[in-house]
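Colleague: Below are the structure tokens for one structure; questions will follow.
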Amino acid sequence: NKVKRATAFKRAEQYVREYNVAEKAVVEKRRAAKAAGNLYVPAEPKVAFVVRIRGINAMDPKSKKILQLLRLRQIHNGVFVKLNKPMMNMLRLVQPYIAYGY
């Protein structure tokens with residue numbers, strides 16, 4: 001049990017180091033772009049988790065169809081979706097019925 005705990009702790013430390021390095025790299029890129037007189041645009045998230053938070057009362061047919069396409073037929077169901085322009089448009093249309101994050 002001690003060995004498992006130690007390996008889990010080492011793995012967590014490695015993840016922390018990895019994320020710190022990634023964060024520092026973004027800061028360095030932003031600084032380098034500013035020094036060169038350019039603009040740095042950070043990468044956008046590729047995936048989002050979407051949860052349905054409202055029922056079907058007084059819902060228009062288009063929103064109902066979009067929720068079916070997202071496989072969110074019941075309240076409190078969640079799915080991972082790939083973020084692209086059409087998906088962002090669909091999420092914007094059903095915004096009152098869902099909650100999502102990156």
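Note on naming: chains are A, B, ... as they come in the structure tokens, residues start from 1 per chain, ligands start from 1 in the order shown.
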Determine, counting only C-alpha atoms, which protein, DNA and RNA residues have an atom within 12 Å of an atom of Asn89 (chain A); residues of the same chain fewer than 5 positions away are not included. Present the result as a list in words.
Modeller: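 Neighbouring residues, sequence-local ones excluded: Ser63, Ile66, Leu83, Asn84, Val94 and Gln95 of chain A.
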Colleague: Please extract the residues of region 4-84 of chain A with a backbone DSSP assignment of strand (DSSP E) and present them as a ChimeraX atom specification.
Modeller: /A:47-52,78-82
Colleague: Any chance you can output those residues with N, CA, C and O atoms as an mmCIF file, in the first residue's frame?
Modeller:
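The new file again_32.cif reads:
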data_model
loop_
_atom_site.group_PDB
_atom_site.id
_atom_site.type_symbol
_atom_site.label_atom_id
_atom_site.label_comp_id
_atom_site.auth_asym_id
_atom_site.auth_seq_id
_atom_site.Cartn_x
_atom_site.Cartn_y
_atom_site.Cartn_z
ATOM 1 N N VAL A 47 -11.853 20.040 -26.891
ATOM 2 C CA VAL A 47 -12.947 19.206 -26.408
ATOM 3 C C VAL A 47 -13.665 19.929 -25.283
ATOM 4 O O VAL A 47 -13.041 20.661 -24.516
ATOM 5 N N ALA A 48 -14.982 19.724 -25.186
ATOM 6 C CA ALA A 48 -15.760 20.285 -24.082
ATOM 7 C C ALA A 48 -16.663 19.190 -23.516
ATOM 8 O O ALA A 48 -17.029 18.235 -24.221
ATOM 9 N N PHE A 49 -17.009 19.343 -22.248
ATOM 10 C CA PHE A 49 -17.977 18.439 -21.618
ATOM 11 C C PHE A 49 -19.286 19.201 -21.479
ATOM 12 O O PHE A 49 -19.320 20.283 -20.909
ATOM 13 N N VAL A 50 -20.368 18.636 -22.012
ATOM 14 C CA VAL A 50 -21.665 19.297 -22.033
ATOM 15 C C VAL A 50 -22.637 18.502 -21.171
ATOM 16 O O VAL A 50 -22.739 17.282 -21.310
ATOM 17 N N VAL A 51 -23.359 19.193 -20.271
ATOM 18 C CA VAL A 51 -24.345 18.563 -19.394
ATOM 19 C C VAL A 51 -25.690 19.241 -19.607
ATOM 20 O O VAL A 51 -25.761 20.473 -19.649
ATOM 21 N N ARG A 52 -26.737 18.457 -19.708
ATOM 22 C CA ARG A 52 -28.080 19.022 -19.834
ATOM 23 C C ARG A 52 -28.594 19.387 -18.446
ATOM 24 O O ARG A 52 -28.540 18.577 -17.520
ATOM 25 N N GLY A 78 -24.519 13.823 -19.668
ATOM 26 C CA GLY A 78 -23.346 14.568 -20.116
ATOM 27 C C GLY A 78 -22.622 13.845 -21.233
ATOM 28 O O GLY A 78 -22.631 12.612 -21.292
ATOM 29 N N VAL A 79 -21.997 14.628 -22.118
ATOM 30 C CA VAL A 79 -21.222 14.059 -23.221
ATOM 31 C C VAL A 79 -19.993 14.928 -23.468
ATOM 32 O O VAL A 79 -19.993 16.126 -23.178
ATOM 33 N N PHE A 80 -18.953 14.308 -23.990
ATOM 34 C CA PHE A 80 -17.788 15.039 -24.485
ATOM 35 C C PHE A 80 -18.029 15.334 -25.963
ATOM 36 O O PHE A 80 -18.437 14.438 -26.714
ATOM 37 N N VAL A 81 -17.777 16.566 -26.372
ATOM 38 C CA VAL A 81 -17.945 16.929 -27.775
ATOM 39 C C VAL A 81 -16.673 17.582 -28.282
ATOM 40 O O VAL A 81 -15.976 18.275 -27.538
ATOM 41 N N LYS A 82 -16.377 17.331 -29.567
ATOM 42 C CA LYS A 82 -15.246 17.982 -30.214
ATOM 43 C C LYS A 82 -15.673 19.395 -30.592
ATOM 44 O O LYS A 82 -16.747 19.584 -31.158
#
Colleague: Could you check how far CA of Ile98 (chain A) sits from CA of Pro61 (chain A), in Å to one decimal?
Modeller: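 Separation between CA of Ile98 (chain A) and CA of Pro61 (chain A): 15.8 Å.
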Colleague: In Å, with one decimal, what is the gap from CA of Leu39 (chain A) to CA of Val26 (chain A)?
Modeller: 12.6 Å
Colleague: Mind the document's chain letters and residue numbers, and return as a ChimeraX atom specification the residues of region 35-89 of chain A that DSSP labels helix (DSSP H, G or I).
Modeller: /A:35,61-69,85-89
Colleague: Just the selected residues (C-alpha atoms), exported as an mmCIF file, in the first residue's frame, please.
Modeller:
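Once written, again-v2.cif looks like this:
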data_model
loop_
_atom_site.group_PDB
_atom_site.id
_atom_site.type_symbol
_atom_site.label_atom_id
_atom_site.label_comp_id
_atom_site.auth_asym_id
_atom_site.auth_seq_id
_atom_site.Cartn_x
_atom_site.Cartn_y
_atom_site.Cartn_z
ATOM 1 C CA ALA A 35 9.163 41.693 -28.118
ATOM 2 C CA PRO A 61 -38.351 21.934 -31.971
ATOM 3 C CA LYS A 62 -34.925 23.121 -33.188
ATOM 4 C CA SER A 63 -33.436 23.068 -29.677
ATOM 5 C CA LYS A 64 -35.002 19.660 -29.049
ATOM 6 C CA LYS A 65 -33.409 18.304 -32.248
ATOM 7 C CA ILE A 66 -29.988 19.731 -31.347
ATOM 8 C CA LEU A 67 -30.140 18.114 -27.902
ATOM 9 C CA GLN A 68 -31.013 14.803 -29.581
ATOM 10 C CA LEU A 69 -27.999 15.178 -31.902
ATOM 11 C CA LYS A 85 -17.430 25.959 -35.576
ATOM 12 C CA PRO A 86 -20.673 24.026 -36.223
ATOM 13 C CA MET A 87 -20.588 22.525 -32.730
ATOM 14 C CA MET A 88 -20.060 25.958 -31.143
ATOM 15 C CA ASN A 89 -23.070 27.266 -33.103
#
